[in-house]
$ cat entry_28.cif   # mmCIF, C-alpha atoms
data_upload
loop_
_atom_site.group_PDB
_atom_site.id
_atom_site.type_symbol
_atom_site.label_atom_id
_atom_site.label_comp_id
_atom_site.auth_asym_id
_atom_site.auth_seq_id
_atom_site.Cartn_x
_atom_site.Cartn_y
_atom_site.Cartn_z
ATOM 1 C CA MET F 1 118.643 87.279 113.756
ATOM 2 C CA GLN F 2 120.547 90.243 115.191
ATOM 3 C CA ILE F 3 124.160 91.322 114.634
ATOM 4 C CA LEU F 4 125.833 93.573 117.203
ATOM 5 C CA HIS F 5 128.548 95.643 115.466
ATOM 6 C CA LEU F 6 131.048 97.441 117.713
ATOM 7 C CA ASP F 7 133.798 99.823 116.610
ATOM 8 C CA SER F 8 136.309 101.290 119.048
ATOM 9 C CA SER F 9 139.138 102.778 116.977
ATOM 10 C CA VAL F 10 139.805 106.498 117.438
ATOM 11 C CA LEU F 11 141.222 106.831 113.907
ATOM 12 C CA GLY F 12 137.960 107.355 112.016
ATOM 13 C CA ASP F 13 138.209 106.702 108.280
ATOM 14 C CA ALA F 14 141.921 105.838 108.637
ATOM 15 C CA SER F 15 141.107 102.856 110.860
ATOM 16 C CA ALA F 16 141.902 99.362 109.611
ATOM 17 C CA SER F 17 139.670 97.747 112.233
ATOM 18 C CA ARG F 18 136.688 99.834 111.128
ATOM 19 C CA GLU F 19 137.247 98.809 107.518
ATOM 20 C CA LEU F 20 137.403 95.158 108.518
ATOM 21 C CA THR F 21 134.381 95.178 110.841
ATOM 22 C CA LEU F 22 132.342 96.742 108.051
ATOM 23 C CA HIS F 23 133.609 94.094 105.638
ATOM 24 C CA THR F 24 132.730 91.359 108.153
ATOM 25 C CA VAL F 25 129.212 92.670 108.765
ATOM 26 C CA ASP F 26 128.648 93.057 105.018
ATOM 27 C CA ALA F 27 129.687 89.417 104.577
ATOM 28 C CA LEU F 28 127.224 88.372 107.284
ATOM 29 C CA LEU F 29 124.430 90.342 105.620
ATOM 30 C CA GLN F 30 125.191 88.754 102.265
ATOM 31 C CA GLN F 31 124.635 85.377 103.922
ATOM 32 C CA HIS F 32 121.589 86.549 105.894
ATOM 33 C CA PRO F 33 120.047 89.669 104.279
ATOM 34 C CA ALA F 34 117.136 89.772 106.723
ATOM 35 C CA ALA F 35 119.390 90.156 109.752
ATOM 36 C CA ARG F 36 119.013 93.242 111.932
ATOM 37 C CA THR F 37 122.183 95.199 112.726
ATOM 38 C CA VAL F 38 122.740 97.191 115.909
ATOM 39 C CA TYR F 39 125.745 99.502 115.618
ATOM 40 C CA ARG F 40 127.753 101.128 118.397
ATOM 41 C CA ASP F 41 130.597 103.520 117.627
ATOM 42 C CA LEU F 42 132.300 103.493 120.999
ATOM 43 C CA ALA F 43 134.744 106.228 120.005
ATOM 44 C CA ALA F 44 132.286 108.682 118.445
ATOM 45 C CA ASP F 45 129.680 108.044 121.168
ATOM 46 C CA PRO F 46 131.809 107.027 124.158
ATOM 47 C CA ILE F 47 130.405 105.248 127.184
ATOM 48 C CA ALA F 48 131.329 106.767 130.529
ATOM 49 C CA HIS F 49 133.738 104.630 132.526
ATOM 50 C CA LEU F 50 132.401 102.710 135.468
ATOM 51 C CA THR F 51 131.947 104.543 138.763
ATOM 52 C CA GLY F 52 130.441 103.450 142.054
ATOM 53 C CA PRO F 53 127.084 105.145 141.396
ATOM 54 C CA ILE F 54 126.940 103.755 137.849
ATOM 55 C CA ALA F 55 127.801 100.244 139.054
ATOM 56 C CA ALA F 56 125.045 100.536 141.667
ATOM 57 C CA GLY F 57 122.610 100.351 138.765
ATOM 58 C CA PHE F 58 123.642 96.712 138.286
ATOM 59 C CA ARG F 59 121.710 95.997 141.501
ATOM 60 C CA SER F 60 118.236 96.912 142.664
ATOM 61 C CA GLN F 61 118.449 100.435 144.068
ATOM 62 C CA ASP F 62 116.117 103.182 145.151
ATOM 63 C CA PRO F 63 116.006 105.501 142.096
ATOM 64 C CA GLN F 64 115.615 108.509 144.379
ATOM 65 C CA ALA F 65 119.114 107.870 145.742
ATOM 66 C CA PHE F 66 120.634 109.110 142.477
ATOM 67 C CA GLY F 67 120.445 112.195 140.318
ATOM 68 C CA ALA F 68 119.158 112.338 136.765
ATOM 69 C CA ALA F 69 122.631 111.965 135.213
ATOM 70 C CA VAL F 70 123.369 108.720 137.070
ATOM 71 C CA LEU F 71 119.907 107.332 136.344
ATOM 72 C CA ALA F 72 120.537 108.024 132.637
ATOM 73 C CA GLU F 73 123.720 105.955 132.925
ATOM 74 C CA HIS F 74 121.744 103.131 134.548
ATOM 75 C CA ASP F 75 119.400 103.222 131.558
ATOM 76 C CA ARG F 76 122.379 103.134 129.219
ATOM 77 C CA SER F 77 123.830 100.104 131.025
ATOM 78 C CA ASN F 78 120.511 98.289 130.651
ATOM 79 C CA ALA F 79 120.366 99.177 126.955
ATOM 80 C CA LEU F 80 123.899 97.898 126.348
ATOM 81 C CA VAL F 81 123.207 94.600 128.110
ATOM 82 C CA GLY F 82 119.931 94.234 126.230
ATOM 83 C CA GLU F 83 121.679 94.701 122.889
ATOM 84 C CA LEU F 84 124.196 91.999 123.774
ATOM 85 C CA LEU F 85 121.606 89.533 125.056
ATOM 86 C CA ASP F 86 119.349 90.080 122.029
ATOM 87 C CA SER F 87 122.154 89.524 119.503
ATOM 88 C CA ASP F 88 123.138 86.252 117.876
ATOM 89 C CA VAL F 89 126.469 87.375 116.416
ATOM 90 C CA ILE F 90 128.793 89.998 117.908
ATOM 91 C CA VAL F 91 131.434 91.666 115.715
ATOM 92 C CA ILE F 92 133.994 93.509 117.836
ATOM 93 C CA GLY F 93 136.428 95.955 116.289
ATOM 94 C CA ALA F 94 139.470 95.814 118.563
ATOM 95 C CA PRO F 95 142.651 97.591 117.531
ATOM 96 C CA MET F 96 145.629 96.979 119.812
ATOM 97 C CA TYR F 97 146.496 100.051 121.863
ATOM 98 C CA ASN F 98 149.527 99.691 124.123
ATOM 99 C CA PHE F 99 149.248 95.873 124.043
ATOM 100 C CA SER F 100 145.561 95.889 125.073
ATOM 101 C CA VAL F 101 142.145 97.105 123.898
ATOM 102 C CA PRO F 102 141.063 100.740 123.548
ATOM 103 C CA THR F 103 139.704 102.311 126.712
ATOM 104 C CA GLN F 104 136.414 102.890 124.866
ATOM 105 C CA LEU F 105 135.978 99.146 124.356
ATOM 106 C CA LYS F 106 136.934 98.414 127.971
ATOM 107 C CA ALA F 107 134.178 100.803 129.090
ATOM 108 C CA TRP F 108 131.639 98.761 127.084
ATOM 109 C CA VAL F 109 132.933 95.518 128.606
ATOM 110 C CA ASP F 110 132.607 96.930 132.118
ATOM 111 C CA ARG F 111 128.973 97.876 131.463
ATOM 112 C CA VAL F 112 127.848 94.535 130.025
ATOM 113 C CA THR F 113 129.689 92.236 132.441
ATOM 114 C CA GLN F 114 126.897 92.286 135.003
ATOM 115 C CA PRO F 115 126.138 89.737 137.740
ATOM 116 C CA GLY F 116 122.688 88.279 137.307
ATOM 117 C CA ARG F 117 122.467 89.426 133.688
ATOM 118 C CA THR F 118 125.440 88.093 131.745
ATOM 119 C CA PHE F 119 126.949 85.855 134.449
ATOM 120 C CA ARG F 120 126.150 84.630 137.946
ATOM 121 C CA TYR F 121 128.165 83.406 140.892
ATOM 122 C CA THR F 122 127.603 79.926 142.295
ATOM 123 C CA GLU F 123 129.189 77.859 145.061
ATOM 124 C CA THR F 124 131.382 76.195 142.458
ATOM 125 C CA GLY F 125 132.342 79.374 140.610
ATOM 126 C CA PRO F 126 130.880 81.801 138.075
ATOM 127 C CA ILE F 127 128.615 80.665 135.241
ATOM 128 C CA GLY F 128 128.179 82.617 132.016
ATOM 129 C CA LEU F 129 124.579 83.449 131.148
ATOM 130 C CA THR F 130 125.250 84.868 127.677
ATOM 131 C CA GLN F 131 125.168 81.590 125.795
ATOM 132 C CA GLY F 132 124.180 80.473 122.316
ATOM 133 C CA LYS F 133 126.043 83.315 120.604
ATOM 134 C CA ARG F 134 129.070 83.601 118.354
ATOM 135 C CA ALA F 135 131.609 86.403 118.374
ATOM 136 C CA ILE F 136 134.082 87.603 115.772
ATOM 137 C CA ILE F 137 136.962 89.695 117.098
ATOM 138 C CA VAL F 138 138.412 91.961 114.420
ATOM 139 C CA SER F 139 141.948 92.394 115.718
ATOM 140 C CA THR F 140 144.390 94.876 114.207
ATOM 141 C CA ARG F 141 148.016 95.392 115.272
ATOM 142 C CA GLY F 142 150.820 97.570 114.050
ATOM 143 C CA GLY F 143 153.378 94.882 114.876
ATOM 144 C CA LEU F 144 153.479 91.095 115.026
ATOM 145 C CA TYR F 145 152.136 89.550 118.230
ATOM 146 C CA SER F 146 150.870 86.140 117.151
ATOM 147 C CA GLU F 147 154.390 84.661 117.075
ATOM 148 C CA PRO F 148 155.684 82.901 120.234
ATOM 149 C CA THR F 149 158.287 85.493 121.252
ATOM 150 C CA PRO F 150 156.083 88.631 121.359
ATOM 151 C CA HIS F 151 152.886 86.718 122.221
ATOM 152 C CA PRO F 152 153.168 87.324 126.016
ATOM 153 C CA MET F 153 152.672 91.038 125.272
ATOM 154 C CA ASP F 154 149.220 90.366 123.786
ATOM 155 C CA PHE F 155 146.672 91.542 126.341
ATOM 156 C CA GLN F 156 144.191 92.341 123.574
ATOM 157 C CA GLU F 157 142.840 89.145 122.015
ATOM 158 C CA ALA F 158 143.510 87.080 125.141
ATOM 159 C CA TYR F 159 141.570 89.528 127.289
ATOM 160 C CA LEU F 160 138.566 89.619 124.950
ATOM 161 C CA ARG F 161 138.427 85.841 124.700
ATOM 162 C CA ALA F 162 138.600 85.574 128.488
ATOM 163 C CA VAL F 163 135.859 88.081 129.213
ATOM 164 C CA LEU F 164 133.577 86.761 126.470
ATOM 165 C CA GLY F 165 134.072 83.233 127.782
ATOM 166 C CA PHE F 166 133.370 84.421 131.320
ATOM 167 C CA MET F 167 129.990 85.695 130.126
ATOM 168 C CA GLY F 168 129.293 82.383 128.359
ATOM 169 C CA ILE F 169 130.307 83.270 124.784
ATOM 170 C CA ARG F 170 132.750 80.478 124.005
ATOM 171 C CA GLU F 171 132.373 80.297 120.233
ATOM 172 C CA VAL F 172 134.837 83.027 119.325
ATOM 173 C CA ARG F 173 136.935 83.462 116.175
ATOM 174 C CA THR F 174 139.382 86.170 115.129
ATOM 175 C CA VAL F 175 139.891 88.162 111.952
ATOM 176 C CA ARG F 176 143.453 89.388 112.425
ATOM 177 C CA ALA F 177 145.576 91.908 110.552
ATOM 178 C CA GLU F 178 149.132 92.436 111.794
ATOM 179 C CA LEU F 179 152.211 94.381 110.647
ATOM 180 C CA LEU F 180 150.002 97.309 109.681
ATOM 181 C CA SER F 181 152.694 99.844 110.576
ATOM 182 C CA ARG F 182 155.487 98.077 108.669
ATOM 183 C CA GLY F 183 154.978 99.730 105.307
ATOM 184 C CA PRO F 184 152.256 99.917 102.635
ATOM 185 C CA GLU F 185 152.925 96.549 101.036
ATOM 186 C CA LEU F 186 152.761 94.547 104.281
ATOM 187 C CA ARG F 187 149.658 96.515 105.251
ATOM 188 C CA ARG F 188 148.005 95.729 101.915
ATOM 189 C CA GLN F 189 148.811 92.029 102.241
ATOM 190 C CA ALA F 190 147.524 91.879 105.825
ATOM 191 C CA LEU F 191 144.233 93.582 105.002
ATOM 192 C CA GLU F 192 143.685 91.427 101.928
ATOM 193 C CA ALA F 193 144.202 88.255 103.950
ATOM 194 C CA ALA F 194 141.913 89.539 106.711
ATOM 195 C CA ARG F 195 139.127 90.287 104.240
ATOM 196 C CA GLY F 196 139.294 86.693 103.028
ATOM 197 C CA GLU F 197 139.191 85.426 106.607
ATOM 198 C CA ALA F 198 136.136 87.606 107.271
ATOM 199 C CA LEU F 199 134.218 85.910 104.466
ATOM 200 C CA SER F 200 135.056 82.495 105.869
ATOM 201 C CA LEU F 201 134.061 83.461 109.406
ATOM 202 C CA ALA F 202 130.758 84.932 108.219
ATOM 203 C CA ARG F 203 129.839 81.451 107.005
ATOM 204 C CA TRP F 204 130.986 79.959 110.315
ATOM 205 C CA ALA F 205 129.008 82.472 112.387
ATOM 206 C CA LEU F 206 125.755 81.666 110.585
ATOM 207 C CA ALA F 207 126.191 77.901 110.402
ATOM 208 C CA ALA F 208 123.509 75.947 112.256
#

$ encode --input "entry_28.cif" --output "structure tokens"
Amino acid sequence: MQILHLDSSVLGDASASRELTLHTVDALLQQHPAARTVYRDLAADPIAHLTGPIAAGFRSQDPQAFGAAVLAEHDRSNALVGELLDSDVIVIGAPMYNFSVPTQLKAWVDRVTQPGRTFRYTETGPIGLTQGKRAIIVSTRGGLYSEPTPHPMDFQEAYLRAVLGFMGIREVRTVRAELLSRGPELRRQALEAARGEALSLARWALAA
């Protein structure tokens, strides 16, 4: 079994999402100690954003048409897709930045959402090829966005669920911590509740 662990917060040790992804992965490893973990720190080791030459690597191309730097990006795209396809559980650290996901996480999404690899087009619409996996989104927010009134401003969790589903990953759950910027007591309560949810979702992710 393989766990893909993604962090995208730019806050380093001060990051709530990093704390919670680590807690979630630790809970998974307690349930399945033999699991292999693949870790990507998308902030410390950022992935270049998609360009035309980089996207050309999603298709069969003459390698001599590109320079060494672009070919290295093609190799990186293939490695990122391979990590996703080889993993059984994906843990995604996704803090809310300006109502959406960090640009570093979006860059990863743009690399792994590849026609013919993680989805394909058909006459009746696209079909996800990345099936048989479970994903845990570790969502952190400074405010409160799960209530009906501010919910339309949430382009973070909704986006991740949509793109994961598009690739065929439909078993998705969320560890959520909100109100993290509303004072130390509310932050403490939110993180404590999220840690408990992480333990529960670790059992769900590994259930047959």

$ closest_residue --input "entry_28.cif" --among "F:Leu129, F:Ala198, F:Ala207, F:Val101" --to "F:Ala158" --atoms "all atoms listed in the file"
F:Val101

$ residues_around --input "entry_28.cif" --residues "stretch 140-153 of chain F" --least-positions-apart "4" --cutoff "8 Å" --atoms "all atoms listed in the file" --output "MDAnalysis selection string"
chainID F and resid 16:17 94:96 99 176:182

$ write_last_selection --input "entry_28.cif" --atoms "C-alpha atoms" --output "PDB file, keeping the file's coordinate frame"
ATOM      1  CA  ALA F  16     141.902  99.362 109.611  1.00  0.00           C
ATOM      2  CA  SER F  17     139.670  97.747 112.233  1.00  0.00           C
ATOM      3  CA  ALA F  94     139.470  95.814 118.563  1.00  0.00           C
ATOM      4  CA  PRO F  95     142.651  97.591 117.531  1.00  0.00           C
ATOM      5  CA  MET F  96     145.629  96.979 119.812  1.00  0.00           C
ATOM      6  CA  PHE F  99     149.248  95.873 124.043  1.00  0.00           C
ATOM      7  CA  ARG F 176     143.453  89.388 112.425  1.00  0.00           C
ATOM      8  CA  ALA F 177     145.576  91.908 110.552  1.00  0.00           C
ATOM      9  CA  GLU F 178     149.132  92.436 111.794  1.00  0.00           C
ATOM     10  CA  LEU F 179     152.211  94.381 110.647  1.00  0.00           C
ATOM     11  CA  LEU F 180     150.002  97.309 109.681  1.00  0.00           C
ATOM     12  CA  SER F 181     152.694  99.844 110.576  1.00  0.00           C
ATOM     13  CA  ARG F 182     155.487  98.077 108.669  1.00  0.00           C
TER      14      ARG F 182
END

$ atom_distance --input "entry_28.cif" --atom1 "atom CA of F:Arg203" --atom2 "atom CA of F:Leu186"
26.5 Å

$ atom_distance --input "entry_28.cif" --atom1 "atom CA of F:Phe58" --atom2 "atom CA of F:Ala44"
24.7 Å

$ atom_distance --input "entry_28.cif" --atom1 "atom CA of F:Val38" --atom2 "atom CA of F:Ala69"
24.3 Å

$ closest_residue --input "entry_28.cif" --among "F:Gly168, F:Gly183, F:Pro46, F:Pro53" --to "F:Arg117" --atoms "only C-alpha atoms"
F:Gly168

$ resolve_selection --input "entry_28.cif" --expression "the PyMOL selection byres ((chain F and resi 36) around 8)" --output "ChimeraX atom specification"
/F:1-3,34-35,37-38

$ closest_residue --input "entry_28.cif" --among "F:Ala72, F:Ala27, F:Ile54, F:Ile127" --to "F:Ile169" --atoms "all atoms listed in the file"
F:Ile127

$ decode --input "entry_28.cif" --residues "stretch 104-136 of chain F" --atoms "N, CA, C and O atoms" --output "PDB file, in the first residue's frame"
ATOM      1  N   GLN F 104       0.641  26.655  -5.467  1.00  0.00           N
ATOM      2  CA  GLN F 104       1.541  25.494  -5.537  1.00  0.00           C
ATOM      3  C   GLN F 104       0.749  24.194  -5.714  1.00  0.00           C
ATOM      4  O   GLN F 104       1.177  23.287  -6.437  1.00  0.00           O
ATOM      5  N   LEU F 105      -0.398  24.100  -5.056  1.00  0.00           N
ATOM      6  CA  LEU F 105      -1.235  22.916  -5.199  1.00  0.00           C
ATOM      7  C   LEU F 105      -1.907  22.889  -6.571  1.00  0.00           C
ATOM      8  O   LEU F 105      -2.041  21.831  -7.195  1.00  0.00           O
ATOM      9  N   LYS F 106      -2.315  24.048  -7.058  1.00  0.00           N
ATOM     10  CA  LYS F 106      -2.910  24.115  -8.404  1.00  0.00           C
ATOM     11  C   LYS F 106      -1.906  23.656  -9.452  1.00  0.00           C
ATOM     12  O   LYS F 106      -2.280  22.981 -10.429  1.00  0.00           O
ATOM     13  N   ALA F 107      -0.628  23.993  -9.282  1.00  0.00           N
ATOM     14  CA  ALA F 107       0.388  23.548 -10.235  1.00  0.00           C
ATOM     15  C   ALA F 107       0.474  22.022 -10.264  1.00  0.00           C
ATOM     16  O   ALA F 107       0.639  21.419 -11.340  1.00  0.00           O
ATOM     17  N   TRP F 108       0.377  21.383  -9.091  1.00  0.00           N
ATOM     18  CA  TRP F 108       0.387  19.912  -9.041  1.00  0.00           C
ATOM     19  C   TRP F 108      -0.837  19.351  -9.767  1.00  0.00           C
ATOM     20  O   TRP F 108      -0.723  18.405 -10.563  1.00  0.00           O
ATOM     21  N   VAL F 109      -2.001  19.930  -9.505  1.00  0.00           N
ATOM     22  CA  VAL F 109      -3.226  19.467 -10.162  1.00  0.00           C
ATOM     23  C   VAL F 109      -3.085  19.551 -11.682  1.00  0.00           C
ATOM     24  O   VAL F 109      -3.448  18.617 -12.412  1.00  0.00           O
ATOM     25  N   ASP F 110      -2.544  20.665 -12.167  1.00  0.00           N
ATOM     26  CA  ASP F 110      -2.419  20.836 -13.613  1.00  0.00           C
ATOM     27  C   ASP F 110      -1.455  19.827 -14.232  1.00  0.00           C
ATOM     28  O   ASP F 110      -1.585  19.494 -15.413  1.00  0.00           O
ATOM     29  N   ARG F 111      -0.503  19.338 -13.466  1.00  0.00           N
ATOM     30  CA  ARG F 111       0.435  18.340 -14.000  1.00  0.00           C
ATOM     31  C   ARG F 111      -0.164  16.936 -14.026  1.00  0.00           C
ATOM     32  O   ARG F 111       0.166  16.138 -14.910  1.00  0.00           O
ATOM     33  N   VAL F 112      -1.005  16.610 -13.046  1.00  0.00           N
ATOM     34  CA  VAL F 112      -1.493  15.225 -12.963  1.00  0.00           C
ATOM     35  C   VAL F 112      -2.825  15.021 -13.672  1.00  0.00           C
ATOM     36  O   VAL F 112      -3.231  13.870 -13.878  1.00  0.00           O
ATOM     37  N   THR F 113      -3.505  16.091 -14.042  1.00  0.00           N
ATOM     38  CA  THR F 113      -4.760  15.957 -14.780  1.00  0.00           C
ATOM     39  C   THR F 113      -4.415  15.839 -16.258  1.00  0.00           C
ATOM     40  O   THR F 113      -4.392  16.834 -16.995  1.00  0.00           O
ATOM     41  N   GLN F 114      -4.127  14.626 -16.690  1.00  0.00           N
ATOM     42  CA  GLN F 114      -3.594  14.382 -18.025  1.00  0.00           C
ATOM     43  C   GLN F 114      -4.512  13.459 -18.824  1.00  0.00           C
ATOM     44  O   GLN F 114      -4.833  12.351 -18.379  1.00  0.00           O
ATOM     45  N   PRO F 115      -4.902  13.879 -20.034  1.00  0.00           N
ATOM     46  CA  PRO F 115      -5.704  12.991 -20.883  1.00  0.00           C
ATOM     47  C   PRO F 115      -4.917  11.740 -21.251  1.00  0.00           C
ATOM     48  O   PRO F 115      -3.726  11.795 -21.572  1.00  0.00           O
ATOM     49  N   GLY F 116      -5.598  10.613 -21.148  1.00  0.00           N
ATOM     50  CA  GLY F 116      -4.968   9.338 -21.451  1.00  0.00           C
ATOM     51  C   GLY F 116      -4.244   8.714 -20.288  1.00  0.00           C
ATOM     52  O   GLY F 116      -3.886   7.533 -20.350  1.00  0.00           O
ATOM     53  N   ARG F 117      -4.027   9.474 -19.223  1.00  0.00           N
ATOM     54  CA  ARG F 117      -3.349   8.953 -18.031  1.00  0.00           C
ATOM     55  C   ARG F 117      -4.294   8.906 -16.844  1.00  0.00           C
ATOM     56  O   ARG F 117      -4.475   7.851 -16.224  1.00  0.00           O
ATOM     57  N   THR F 118      -4.865  10.051 -16.500  1.00  0.00           N
ATOM     58  CA  THR F 118      -5.767  10.093 -15.340  1.00  0.00           C
ATOM     59  C   THR F 118      -7.227  10.301 -15.744  1.00  0.00           C
ATOM     60  O   THR F 118      -8.123  10.186 -14.908  1.00  0.00           O
ATOM     61  N   PHE F 119      -7.476  10.615 -17.000  1.00  0.00           N
ATOM     62  CA  PHE F 119      -8.848  10.664 -17.527  1.00  0.00           C
ATOM     63  C   PHE F 119      -8.768  10.500 -19.038  1.00  0.00           C
ATOM     64  O   PHE F 119      -7.699  10.622 -19.653  1.00  0.00           O
ATOM     65  N   ARG F 120      -9.910  10.208 -19.654  1.00  0.00           N
ATOM     66  CA  ARG F 120      -9.960  10.169 -21.117  1.00  0.00           C
ATOM     67  C   ARG F 120     -11.301  10.711 -21.590  1.00  0.00           C
ATOM     68  O   ARG F 120     -12.314  10.626 -20.881  1.00  0.00           O
ATOM     69  N   TYR F 121     -11.289  11.274 -22.774  1.00  0.00           N
ATOM     70  CA  TYR F 121     -12.514  11.770 -23.385  1.00  0.00           C
ATOM     71  C   TYR F 121     -13.179  10.663 -24.187  1.00  0.00           C
ATOM     72  O   TYR F 121     -12.512   9.857 -24.834  1.00  0.00           O
ATOM     73  N   THR F 122     -14.520  10.635 -24.110  1.00  0.00           N
ATOM     74  CA  THR F 122     -15.297   9.694 -24.917  1.00  0.00           C
ATOM     75  C   THR F 122     -16.423  10.470 -25.597  1.00  0.00           C
ATOM     76  O   THR F 122     -16.630  11.660 -25.336  1.00  0.00           O
ATOM     77  N   GLU F 123     -17.172   9.789 -26.455  1.00  0.00           N
ATOM     78  CA  GLU F 123     -18.287  10.438 -27.140  1.00  0.00           C
ATOM     79  C   GLU F 123     -19.361  10.894 -26.172  1.00  0.00           C
ATOM     80  O   GLU F 123     -20.125  11.817 -26.469  1.00  0.00           O
ATOM     81  N   THR F 124     -19.415  10.262 -25.022  1.00  0.00           N
ATOM     82  CA  THR F 124     -20.455  10.618 -24.038  1.00  0.00           C
ATOM     83  C   THR F 124     -19.904  11.472 -22.898  1.00  0.00           C
ATOM     84  O   THR F 124     -20.602  11.736 -21.937  1.00  0.00           O
ATOM     85  N   GLY F 125     -18.644  11.893 -23.017  1.00  0.00           N
ATOM     86  CA  GLY F 125     -18.068  12.733 -21.970  1.00  0.00           C
ATOM     87  C   GLY F 125     -16.813  12.120 -21.391  1.00  0.00           C
ATOM     88  O   GLY F 125     -16.443  10.977 -21.710  1.00  0.00           O
ATOM     89  N   PRO F 126     -16.130  12.845 -20.511  1.00  0.00           N
ATOM     90  CA  PRO F 126     -14.883  12.346 -19.930  1.00  0.00           C
ATOM     91  C   PRO F 126     -15.111  11.228 -18.920  1.00  0.00           C
ATOM     92  O   PRO F 126     -16.151  11.183 -18.246  1.00  0.00           O
ATOM     93  N   ILE F 127     -14.139  10.344 -18.818  1.00  0.00           N
ATOM     94  CA  ILE F 127     -14.158   9.242 -17.858  1.00  0.00           C
ATOM     95  C   ILE F 127     -12.870   9.296 -17.051  1.00  0.00           C
ATOM     96  O   ILE F 127     -11.770   9.373 -17.609  1.00  0.00           O
ATOM     97  N   GLY F 128     -12.995   9.250 -15.731  1.00  0.00           N
ATOM     98  CA  GLY F 128     -11.817   9.235 -14.872  1.00  0.00           C
ATOM     99  C   GLY F 128     -11.135   7.882 -14.899  1.00  0.00           C
ATOM    100  O   GLY F 128     -11.795   6.838 -14.829  1.00  0.00           O
ATOM    101  N   LEU F 129      -9.820   7.885 -15.006  1.00  0.00           N
ATOM    102  CA  LEU F 129      -9.043   6.652 -15.046  1.00  0.00           C
ATOM    103  C   LEU F 129      -8.339   6.359 -13.724  1.00  0.00           C
ATOM    104  O   LEU F 129      -7.718   5.316 -13.571  1.00  0.00           O
ATOM    105  N   THR F 130      -8.429   7.297 -12.793  1.00  0.00           N
ATOM    106  CA  THR F 130      -7.705   7.162 -11.516  1.00  0.00           C
ATOM    107  C   THR F 130      -8.687   6.630 -10.473  1.00  0.00           C
ATOM    108  O   THR F 130      -9.109   7.357  -9.576  1.00  0.00           O
ATOM    109  N   GLN F 131      -9.030   5.376 -10.596  1.00  0.00           N
ATOM    110  CA  GLN F 131     -10.080   4.802  -9.758  1.00  0.00           C
ATOM    111  C   GLN F 131      -9.500   3.870  -8.705  1.00  0.00           C
ATOM    112  O   GLN F 131      -8.327   3.523  -8.740  1.00  0.00           O
ATOM    113  N   GLY F 132     -10.359   3.490  -7.748  1.00  0.00           N
ATOM    114  CA  GLY F 132      -9.934   2.567  -6.706  1.00  0.00           C
ATOM    115  C   GLY F 132      -9.067   3.203  -5.643  1.00  0.00           C
ATOM    116  O   GLY F 132      -8.324   2.506  -4.946  1.00  0.00           O
ATOM    117  N   LYS F 133      -9.147   4.525  -5.500  1.00  0.00           N
ATOM    118  CA  LYS F 133      -8.338   5.239  -4.517  1.00  0.00           C
ATOM    119  C   LYS F 133      -9.240   6.037  -3.593  1.00  0.00           C
ATOM    120  O   LYS F 133     -10.386   6.340  -3.934  1.00  0.00           O
ATOM    121  N   ARG F 134      -8.686   6.402  -2.444  1.00  0.00           N
ATOM    122  CA  ARG F 134      -9.402   7.262  -1.504  1.00  0.00           C
ATOM    123  C   ARG F 134      -8.535   8.479  -1.195  1.00  0.00           C
ATOM    124  O   ARG F 134      -7.316   8.364  -1.115  1.00  0.00           O
ATOM    125  N   ALA F 135      -9.191   9.616  -1.046  1.00  0.00           N
ATOM    126  CA  ALA F 135      -8.469  10.856  -0.787  1.00  0.00           C
ATOM    127  C   ALA F 135      -9.001  11.511   0.478  1.00  0.00           C
ATOM    128  O   ALA F 135     -10.198  11.492   0.747  1.00  0.00           O
ATOM    129  N   ILE F 136      -8.085  12.087   1.232  1.00  0.00           N
ATOM    130  CA  ILE F 136      -8.425  12.874   2.416  1.00  0.00           C
ATOM    131  C   ILE F 136      -7.910  14.293   2.178  1.00  0.00           C
ATOM    132  O   ILE F 136      -6.699  14.499   2.023  1.00  0.00           O
TER     133      ILE F 136
END
